[in-house]
file upload-v9.txt (compact mmCIF, C-alpha atoms)
# COMPACT_ATOMS: atom_id res chain seq x y z
CA CYS X 1 -3.00 -3.11 8.79
CA CYS X 2 -1.49 -0.02 7.16
CA ILE X 3 -4.13 2.55 6.16
CA SER X 4 -2.55 5.13 3.88
CA GLY X 5 -5.77 6.91 3.01
CA GLY X 6 -5.85 5.40 -0.48
CA LYS X 7 -8.23 2.98 -2.16
CA ASP X 8 -5.96 -0.07 -1.80
CA SER X 9 -5.46 0.01 1.96
CA ALA X 10 -9.13 0.86 2.57
CA THR X 11 -10.15 -2.16 0.52
CA LEU X 12 -7.64 -4.30 2.39
CA LEU X 13 -9.00 -3.27 5.79
CA HIS X 14 -12.59 -3.89 4.67
CA LEU X 15 -11.71 -7.41 3.48
CA LEU X 16 -9.67 -8.25 6.58
CA LEU X 17 -12.57 -7.26 8.82
CA LYS X 18 -14.91 -9.45 6.74
CA LEU X 19 -12.45 -12.34 7.07
CA GLN X 20 -12.10 -11.77 10.81
CA SER X 21 -15.88 -11.93 11.24
CA LYS X 22 -16.23 -15.02 9.04
CA LEU X 23 -13.52 -17.03 10.82
CA ALA X 24 -14.61 -16.22 14.38
CA PRO X 25 -14.88 -17.86 16.82
CA GLN X 26 -12.89 -20.84 15.48
CA ILE X 27 -9.98 -18.61 14.46
CA ASN X 28 -9.38 -15.30 16.19
CA PHE X 29 -6.94 -12.56 15.25
CA ARG X 30 -6.69 -8.91 16.17
CA ILE X 31 -6.66 -6.09 13.62
CA THR X 32 -5.28 -2.63 14.34
CA ALA X 33 -5.43 -0.02 11.60
CA VAL X 34 -2.42 2.29 11.52
CA HIS X 35 -2.51 5.56 9.60
CA LEU X 36 0.59 7.68 9.06
CA ASN X 37 -0.05 11.40 8.79
CA GLN X 38 2.97 12.54 6.77
CA MET X 39 2.16 16.22 7.41
CA GLN X 40 1.41 16.94 3.77
CA PRO X 41 0.16 20.46 2.94
CA GLY X 42 -3.62 20.66 3.13
CA TYR X 43 -3.93 17.33 4.95
CA ASN X 44 -7.32 16.67 6.50
CA GLY X 45 -7.93 13.18 7.86
CA THR X 46 -11.35 13.87 9.39
CA LYS X 47 -13.33 11.69 6.96
CA LEU X 48 -10.87 8.84 7.39
CA TYR X 49 -11.06 9.02 11.19
CA GLU X 50 -14.86 9.09 11.07
CA TRP X 51 -14.84 6.03 8.80
CA LEU X 52 -12.55 4.14 11.18
CA ASP X 53 -14.77 5.08 14.11
CA ALA X 54 -17.82 3.78 12.22
CA LEU X 55 -16.05 0.48 11.56
CA ASN X 56 -15.43 0.11 15.29
CA VAL X 57 -11.90 -1.05 14.58
CA PRO X 58 -8.98 -0.20 16.87
CA TYR X 59 -6.74 2.31 15.14
CA LYS X 60 -3.67 4.42 15.72
CA ILE X 61 -2.75 7.72 14.09
CA VAL X 62 0.97 8.40 13.80
CA ASN X 63 2.13 11.95 13.03
CA GLU X 64 5.56 12.10 11.37
CA ASP X 65 6.72 14.80 8.97
CA THR X 66 8.12 12.48 6.32
CA TYR X 67 6.78 14.81 3.61
CA THR X 68 9.40 17.49 4.32
CA THR X 69 12.15 14.90 4.60
CA VAL X 70 11.27 13.36 1.25
CA LYS X 71 11.02 16.73 -0.48
CA ASN X 72 14.34 17.95 0.95
CA LYS X 73 16.36 14.75 0.63
CA THR X 74 15.30 13.62 -2.84
CA PRO X 75 17.82 14.83 -5.47
CA GLU X 76 16.55 16.77 -8.45
CA ASN X 77 15.26 14.54 -11.26
CA LYS X 78 14.91 11.61 -8.84
CA THR X 79 11.61 10.12 -7.72
CA TYR X 80 10.13 10.41 -4.26
CA CYS X 81 8.91 6.81 -4.16
CA SER X 82 11.99 5.00 -2.86
CA LEU X 83 12.77 7.27 0.10
CA CYS X 84 9.10 7.79 0.96
CA SER X 85 8.50 4.03 0.98
CA ARG X 86 11.53 3.32 3.18
CA LEU X 87 10.57 5.99 5.71
CA ARG X 88 6.97 4.84 5.92
CA ARG X 89 7.94 1.18 6.17
CA GLY X 90 10.37 1.90 9.00
CA ILE X 91 7.73 3.80 10.95
CA LEU X 92 5.17 1.04 10.40
CA TYR X 93 7.62 -1.62 11.60
CA THR X 94 8.20 0.39 14.77
CA VAL X 95 4.50 0.96 15.44
CA ALA X 96 3.69 -2.69 14.77
CA GLY X 97 6.29 -3.73 17.32
CA ASP X 98 5.03 -1.18 19.86
CA ILE X 99 1.44 -2.49 19.70
CA GLY X 100 2.53 -6.13 19.87
CA ALA X 101 1.61 -7.08 16.30
CA ASN X 102 3.36 -10.02 14.62
CA LYS X 103 2.15 -9.30 11.07
CA LEU X 104 2.12 -6.15 8.98
CA ALA X 105 -0.50 -6.10 6.21
CA LEU X 106 0.16 -3.83 3.23
CA GLY X 107 -2.14 -2.87 0.36
CA HIS X 108 0.12 -3.60 -2.62
CA HIS X 109 -1.81 -5.16 -5.49
CA GLY X 110 -1.15 -7.10 -8.67
CA ASP X 111 -0.28 -4.03 -10.74
CA ASP X 112 2.38 -3.11 -8.18
CA ALA X 113 3.85 -6.60 -8.47
CA ILE X 114 3.89 -6.51 -12.28
CA GLU X 115 5.44 -3.04 -12.41
CA THR X 116 8.13 -4.00 -9.88
CA LEU X 117 9.01 -7.11 -11.88
CA LEU X 118 9.26 -5.16 -15.13
CA LEU X 119 11.34 -2.39 -13.53
CA ASN X 120 13.81 -4.93 -12.17
CA LEU X 121 14.01 -6.70 -15.52
CA ILE X 122 14.51 -3.51 -17.52
CA HIS X 123 16.93 -1.67 -15.25
CA ASN X 124 18.71 -4.44 -13.32
CA GLY X 125 18.40 -7.50 -15.52
CA GLN X 126 16.89 -9.39 -12.61
CA MET X 127 13.77 -11.56 -12.51
CA LYS X 128 12.85 -10.12 -9.13
CA GLY X 129 9.30 -9.40 -8.11
CA MET X 130 7.38 -8.26 -5.05
CA PRO X 131 6.76 -11.14 -2.61
CA ALA X 132 3.22 -11.68 -1.38
CA ARG X 133 4.67 -12.41 2.04
CA TYR X 134 8.07 -12.36 3.70
CA TYR X 135 9.70 -12.35 7.11
CA SER X 136 11.95 -9.53 8.31
CA LYS X 137 14.55 -10.98 10.64
CA ASP X 138 15.79 -7.54 11.72
CA ARG X 139 12.30 -6.50 12.78
CA ASP X 140 11.00 -9.96 13.71
CA MET X 141 7.92 -9.18 11.64
CA HIS X 142 5.91 -11.04 9.02
CA VAL X 143 4.81 -8.81 6.14
CA VAL X 144 1.79 -9.86 4.06
CA ARG X 145 0.26 -8.40 0.90
CA PRO X 146 -3.20 -10.01 0.59
CA LEU X 147 -4.20 -8.03 -2.53
CA MET X 148 -1.39 -9.30 -4.74
CA HIS X 149 -3.80 -11.25 -6.96
CA SER X 150 -6.15 -8.28 -7.38
CA LEU X 151 -5.82 -5.75 -10.19
CA GLU X 152 -5.80 -2.03 -9.54
CA GLU X 153 -8.81 -1.27 -11.72
CA ASP X 154 -10.92 -3.82 -9.82
CA ILE X 155 -9.87 -2.34 -6.49
CA ALA X 156 -10.62 1.18 -7.74
CA GLU X 157 -14.11 0.14 -8.84
CA PHE X 158 -14.81 -1.60 -5.54
CA ALA X 159 -13.55 1.35 -3.49
CA SER X 160 -15.74 3.71 -5.49
CA LEU X 161 -18.84 1.53 -5.00
CA MET X 162 -18.12 1.31 -1.27
CA GLU X 163 -17.50 5.08 -1.08
CA PHE X 164 -14.34 4.68 0.98
CA PRO X 165 -12.82 7.97 2.17
CA ILE X 166 -9.81 8.70 -0.05
CA LEU X 167 -7.16 11.20 0.99
CA PRO X 168 -5.12 12.95 -1.74
CA CYS X 169 -1.34 12.51 -1.75
CA ASN X 170 0.99 15.34 -2.79
CA LEU X 171 3.85 12.93 -3.52
CA CYS X 172 2.49 9.83 -5.26
CA GLY X 173 1.71 10.36 -8.92
CA THR X 174 3.06 13.93 -9.04
CA GLN X 175 6.06 12.95 -11.14
CA PRO X 176 4.83 11.91 -14.60
CA ALA X 177 8.40 11.21 -15.77
CA ALA X 178 8.94 8.62 -13.02
CA GLN X 179 9.97 5.15 -14.16
CA ARG X 180 6.92 3.51 -12.58
CA ALA X 181 4.64 5.84 -14.53
CA LYS X 182 6.42 4.81 -17.73
CA VAL X 183 6.07 1.13 -16.85
CA LYS X 184 2.33 1.69 -16.42
CA MET X 185 2.33 2.79 -20.06
CA LEU X 186 4.16 -0.41 -20.97
CA CYS X 187 1.53 -2.44 -19.14
CA HIS X 188 -1.17 -0.61 -21.08
CA SER X 189 0.57 -1.62 -24.31
CA LEU X 190 0.63 -5.23 -23.15
CA MET X 191 -3.11 -5.07 -22.52
CA ILE X 192 -3.62 -3.97 -26.12
CA LEU X 193 -1.77 -7.09 -27.25
CA ASN X 194 -3.84 -9.25 -24.90
CA PRO X 195 -6.63 -7.93 -22.64
CA ASN X 196 -5.80 -10.71 -20.17
CA ALA X 197 -2.07 -9.92 -20.05
CA LYS X 198 -2.01 -8.59 -16.49
CA LYS X 199 -4.29 -11.31 -15.17
CA ASN X 200 -2.02 -13.90 -16.74
CA MET X 201 1.04 -12.34 -15.12
CA ILE X 202 -0.33 -12.48 -11.59
CA THR X 203 -1.86 -15.98 -11.67

call {"tool": "encode", "arguments": {"input": "upload-v9.txt", "output": "structure tokens"}}
result
Amino acid sequence: CCISGGKDSATLLHLLLKLQSKLAPQINFRITAVHLNQMQPGYNGTKLYEWLDALNVPYKIVNEDTYTTVKNKTPENKTYCSLCSRLRRGILYTVAGDIGANKLALGHHGDDAIETLLLNLIHNGQMKGMPARYYSKDRDMHVVRPLMHSLEEDIAEFASLMEFPILPCNLCGTQPAAQRAKVKMLCHSLMILNPNAKKNMIT
């Protein structure tokens, strides 16, 4: 289970641990939380590590300076998201293989799926969304996104109530002109037309 330090992955880990407890002993599966320290300026993962210790869940901290790579390799007026995502995904695939995992759980939610679909429609003319699960032949790894039917605002509220430790990111959300930020505005407009618009799109 990828733990980025954000609300989505923290919620995902919490729910997976609840599921693991509920299904045992009839169905057993192992969960390992993996956190990537991207060496961002001012990074302090102490609260996250303490939270993982309190959960008594096996975890692995991976230190890779992807922050500098993303900052240096991203052309001016381009967004960080694509390169950052590819680098992190590659590292997670490698770590998952090293620890003997056969599934990689990611914290993408319904808003991510809707925004990806709209971006592909607008810019590529393709009805292409974000799959809830897929198999990577190259990595021999199943990737699952259990939160795909959950909306971001619900996850944010739950994470706040649970007081999950949230680490700030100096890359995500720092580019207000990014296409995904603009699509979020489009989604907001759709919600004005119909308050259930996003729920309808992910059901």

call {"tool": "closest_residue", "arguments": {"input": "upload-v9.txt", "among": "X:Asn72, X:Thr32, X:Ser160, X:Asn170", "to": "Val95 in chain X", "atoms": "all atoms listed in the file"}}
result
X:Thr32

call {"tool": "residues_around", "arguments": {"input": "upload-v9.txt", "residues": "Arg30 in chain X", "least_positions_apart": "2", "cutoff": "9 Å", "atoms": "all atoms listed in the file", "output": "MDAnalysis selection string"}}
result
chainID X and resid 20 28 32 101

call {"tool": "write_last_selection", "arguments": {"input": "upload-v9.txt", "atoms": "C-alpha atoms", "output": "PDB file, in the coordinates of the input"}}
result
ATOM      1  CA  GLN X  20     -12.100 -11.770  10.810  1.00  0.00           C
ATOM      2  CA  ASN X  28      -9.380 -15.300  16.190  1.00  0.00           C
ATOM      3  CA  THR X  32      -5.280  -2.630  14.340  1.00  0.00           C
ATOM      4  CA  ALA X 101       1.610  -7.080  16.300  1.00  0.00           C
TER       5      ALA X 101
END

call {"tool": "atom_distance", "arguments": {"input": "upload-v9.txt", "atom1": "CA of Cys2 in chain X", "atom2": "CA of Glu152 in chain X"}}
result
17.4 Å

call {"tool": "closest_atom_pairs", "arguments": {"input": "upload-v9.txt", "of": "range 48-150 of chain X", "to": "range 156-159 of chain X", "cutoff": "12 Å", "atoms": "only C-alpha atoms", "output": "CSV"}}
result
residue,atom,partner,partner_atom,distance
X:His109,CA,X:Ala156,CA,11.1
X:Asp111,CA,X:Ala156,CA,12.0
X:Ser150,CA,X:Ala156,CA,10.5

call {"tool": "write_last_selection", "arguments": {"input": "upload-v9.txt", "atoms": "C-alpha atoms", "output": "compact mmCIF listing (two decimals), in the coordinates of the input"}}
result
# COMPACT_ATOMS: atom_id res chain seq x y z
CA HIS X 109 -1.81 -5.16 -5.49
CA ASP X 111 -0.28 -4.03 -10.74
CA SER X 150 -6.15 -8.28 -7.38

call {"tool": "residues_near_point", "arguments": {"input": "upload-v9.txt", "point": "(9.2, -12.7, -2.1)", "cutoff": "12 Å", "atoms": "all atoms listed in the file", "output": "PyMOL selection string"}}
result
chain X and resi 113+116-117+127-136+142-145+148

call {"tool": "closest_residue", "arguments": {"input": "upload-v9.txt", "among": "X:Asp53, X:Glu76, X:Asp154, X:Asp65", "to": "Pro41 in chain X", "atoms": "only C-alpha atoms"}}
result
X:Asp65

call {"tool": "atom_distance", "arguments": {"input": "upload-v9.txt", "atom1": "CA of Cys1 in chain X", "atom2": "CA of Leu83 in chain X"}}
result
20.8 Å

call {"tool": "residues_around", "arguments": {"input": "upload-v9.txt", "residues": "range 7-12 of chain X", "least_positions_apart": "3", "cutoff": "7 Å", "atoms": "all atoms listed in the file", "output": "ChimeraX atom specification"}}
result
/X:2-4,15-16,106-107,155-156,159,164,166

call {"tool": "closest_residue", "arguments": {"input": "upload-v9.txt", "among": "X:Val70, X:Met162, X:Ala178, X:Ile99", "to": "Leu87 in chain X", "atoms": "all atoms listed in the file"}}
result
X:Val70

call {"tool": "closest_residue", "arguments": {"input": "upload-v9.txt", "among": "X:Glu163, X:Gly100, X:Thr66, X:Ile122", "to": "Cys81 in chain X", "atoms": "all atoms listed in the file"}}
result
X:Thr66

call {"tool": "closest_residue", "arguments": {"input": "upload-v9.txt", "among": "X:Ser82, X:Asn44, X:Asn77, X:Asn37", "to": "Ile61 in chain X", "atoms": "all atoms listed in the file"}}
result
X:Asn37

call {"tool": "closest_residue", "arguments": {"input": "upload-v9.txt", "among": "X:Leu36, X:Met201, X:Leu119, X:Leu92", "to": "Ala181 in chain X", "atoms": "only C-alpha atoms"}}
result
X:Leu119

call {"tool": "build_atoms", "arguments": {"input": "upload-v9.txt", "residues": "range 116-127 of chain X", "atoms": "all heavy atoms", "output": "PDB file, in the coordinates of the input"}}
result
ATOM      1  N   THR X 116       6.852  -3.756 -10.549  1.00  0.00           N
ATOM      2  CA  THR X 116       8.130  -4.000  -9.880  1.00  0.00           C
ATOM      3  C   THR X 116       8.961  -5.016 -10.641  1.00  0.00           C
ATOM      4  O   THR X 116      10.177  -4.854 -10.827  1.00  0.00           O
ATOM      5  CB  THR X 116       7.890  -4.488  -8.439  1.00  0.00           C
ATOM      6  OG1 THR X 116       7.198  -3.465  -7.702  1.00  0.00           O
ATOM      7  CG2 THR X 116       9.208  -4.798  -7.735  1.00  0.00           C
ATOM      8  N   LEU X 117       8.309  -6.084 -11.098  1.00  0.00           N
ATOM      9  CA  LEU X 117       9.010  -7.110 -11.880  1.00  0.00           C
ATOM     10  C   LEU X 117       9.597  -6.513 -13.158  1.00  0.00           C
ATOM     11  O   LEU X 117      10.771  -6.744 -13.484  1.00  0.00           O
ATOM     12  CB  LEU X 117       8.039  -8.236 -12.224  1.00  0.00           C
ATOM     13  CG  LEU X 117       8.576  -9.332 -13.152  1.00  0.00           C
ATOM     14  CD1 LEU X 117       9.730 -10.078 -12.487  1.00  0.00           C
ATOM     15  CD2 LEU X 117       7.471 -10.299 -13.542  1.00  0.00           C
ATOM     16  N   LEU X 118       8.801  -5.739 -13.873  1.00  0.00           N
ATOM     17  CA  LEU X 118       9.260  -5.160 -15.130  1.00  0.00           C
ATOM     18  C   LEU X 118      10.393  -4.149 -14.898  1.00  0.00           C
ATOM     19  O   LEU X 118      11.361  -4.096 -15.664  1.00  0.00           O
ATOM     20  CB  LEU X 118       8.099  -4.487 -15.853  1.00  0.00           C
ATOM     21  CG  LEU X 118       7.027  -5.436 -16.401  1.00  0.00           C
ATOM     22  CD1 LEU X 118       5.847  -4.644 -16.973  1.00  0.00           C
ATOM     23  CD2 LEU X 118       7.609  -6.353 -17.469  1.00  0.00           C
ATOM     24  N   LEU X 119      10.283  -3.352 -13.850  1.00  0.00           N
ATOM     25  CA  LEU X 119      11.340  -2.390 -13.530  1.00  0.00           C
ATOM     26  C   LEU X 119      12.662  -3.091 -13.243  1.00  0.00           C
ATOM     27  O   LEU X 119      13.728  -2.652 -13.703  1.00  0.00           O
ATOM     28  CB  LEU X 119      10.924  -1.523 -12.336  1.00  0.00           C
ATOM     29  CG  LEU X 119       9.914  -0.414 -12.623  1.00  0.00           C
ATOM     30  CD1 LEU X 119       9.383   0.165 -11.322  1.00  0.00           C
ATOM     31  CD2 LEU X 119      10.542   0.685 -13.467  1.00  0.00           C
ATOM     32  N   ASN X 120      12.602  -4.182 -12.486  1.00  0.00           N
ATOM     33  CA  ASN X 120      13.810  -4.930 -12.170  1.00  0.00           C
ATOM     34  C   ASN X 120      14.408  -5.595 -13.404  1.00  0.00           C
ATOM     35  O   ASN X 120      15.630  -5.658 -13.572  1.00  0.00           O
ATOM     36  CB  ASN X 120      13.536  -5.968 -11.085  1.00  0.00           C
ATOM     37  CG  ASN X 120      13.466  -5.364  -9.698  1.00  0.00           C
ATOM     38  OD1 ASN X 120      14.221  -4.460  -9.369  1.00  0.00           O
ATOM     39  ND2 ASN X 120      12.548  -5.845  -8.874  1.00  0.00           N
ATOM     40  N   LEU X 121      13.542  -6.090 -14.279  1.00  0.00           N
ATOM     41  CA  LEU X 121      14.010  -6.700 -15.520  1.00  0.00           C
ATOM     42  C   LEU X 121      14.682  -5.671 -16.430  1.00  0.00           C
ATOM     43  O   LEU X 121      15.768  -5.900 -16.972  1.00  0.00           O
ATOM     44  CB  LEU X 121      12.846  -7.353 -16.256  1.00  0.00           C
ATOM     45  CG  LEU X 121      12.420  -8.749 -15.802  1.00  0.00           C
ATOM     46  CD1 LEU X 121      11.120  -9.145 -16.500  1.00  0.00           C
ATOM     47  CD2 LEU X 121      13.501  -9.770 -16.117  1.00  0.00           C
ATOM     48  N   ILE X 122      14.038  -4.534 -16.587  1.00  0.00           N
ATOM     49  CA  ILE X 122      14.510  -3.510 -17.520  1.00  0.00           C
ATOM     50  C   ILE X 122      15.787  -2.830 -17.031  1.00  0.00           C
ATOM     51  O   ILE X 122      16.733  -2.624 -17.802  1.00  0.00           O
ATOM     52  CB  ILE X 122      13.406  -2.462 -17.758  1.00  0.00           C
ATOM     53  CG1 ILE X 122      12.219  -3.109 -18.487  1.00  0.00           C
ATOM     54  CG2 ILE X 122      13.934  -1.271 -18.557  1.00  0.00           C
ATOM     55  CD1 ILE X 122      10.973  -2.237 -18.520  1.00  0.00           C
ATOM     56  N   HIS X 123      15.826  -2.488 -15.748  1.00  0.00           N
ATOM     57  CA  HIS X 123      16.930  -1.670 -15.250  1.00  0.00           C
ATOM     58  C   HIS X 123      18.046  -2.472 -14.561  1.00  0.00           C
ATOM     59  O   HIS X 123      19.184  -2.019 -14.496  1.00  0.00           O
ATOM     60  CB  HIS X 123      16.396  -0.622 -14.270  1.00  0.00           C
ATOM     61  CG  HIS X 123      15.495   0.390 -14.919  1.00  0.00           C
ATOM     62  ND1 HIS X 123      15.971   1.386 -15.740  1.00  0.00           N
ATOM     63  CD2 HIS X 123      14.152   0.541 -14.889  1.00  0.00           C
ATOM     64  CE1 HIS X 123      14.964   2.123 -16.176  1.00  0.00           C
ATOM     65  NE2 HIS X 123      13.848   1.629 -15.677  1.00  0.00           N
ATOM     66  N   ASN X 124      17.710  -3.661 -14.049  1.00  0.00           N
ATOM     67  CA  ASN X 124      18.710  -4.440 -13.320  1.00  0.00           C
ATOM     68  C   ASN X 124      18.997  -5.801 -13.923  1.00  0.00           C
ATOM     69  O   ASN X 124      19.900  -6.500 -13.460  1.00  0.00           O
ATOM     70  CB  ASN X 124      18.269  -4.621 -11.855  1.00  0.00           C
ATOM     71  CG  ASN X 124      18.046  -3.291 -11.153  1.00  0.00           C
ATOM     72  OD1 ASN X 124      18.815  -2.355 -11.324  1.00  0.00           O
ATOM     73  ND2 ASN X 124      16.983  -3.200 -10.363  1.00  0.00           N
ATOM     74  N   GLY X 125      18.204  -6.192 -14.930  1.00  0.00           N
ATOM     75  CA  GLY X 125      18.400  -7.500 -15.520  1.00  0.00           C
ATOM     76  C   GLY X 125      18.118  -8.630 -14.563  1.00  0.00           C
ATOM     77  O   GLY X 125      18.704  -9.715 -14.668  1.00  0.00           O
ATOM     78  N   GLN X 126      17.205  -8.390 -13.624  1.00  0.00           N
ATOM     79  CA  GLN X 126      16.890  -9.390 -12.610  1.00  0.00           C
ATOM     80  C   GLN X 126      15.410  -9.770 -12.675  1.00  0.00           C
ATOM     81  O   GLN X 126      14.547  -8.896 -12.795  1.00  0.00           O
ATOM     82  CB  GLN X 126      17.202  -8.860 -11.199  1.00  0.00           C
ATOM     83  CG  GLN X 126      18.674  -8.573 -10.944  1.00  0.00           C
ATOM     84  CD  GLN X 126      18.901  -8.061  -9.533  1.00  0.00           C
ATOM     85  OE1 GLN X 126      17.979  -7.585  -8.868  1.00  0.00           O
ATOM     86  NE2 GLN X 126      20.134  -8.149  -9.071  1.00  0.00           N
ATOM     87  N   MET X 127      15.150 -11.071 -12.590  1.00  0.00           N
ATOM     88  CA  MET X 127      13.770 -11.560 -12.510  1.00  0.00           C
ATOM     89  C   MET X 127      13.365 -11.523 -11.033  1.00  0.00           C
ATOM     90  O   MET X 127      13.275 -12.542 -10.360  1.00  0.00           O
ATOM     91  CB  MET X 127      13.681 -12.984 -13.063  1.00  0.00           C
ATOM     92  CG  MET X 127      12.262 -13.539 -13.110  1.00  0.00           C
ATOM     93  SD  MET X 127      11.238 -12.787 -14.368  1.00  0.00           S
ATOM     94  CE  MET X 127      11.873 -13.606 -15.844  1.00  0.00           C
TER      95      MET X 127
END
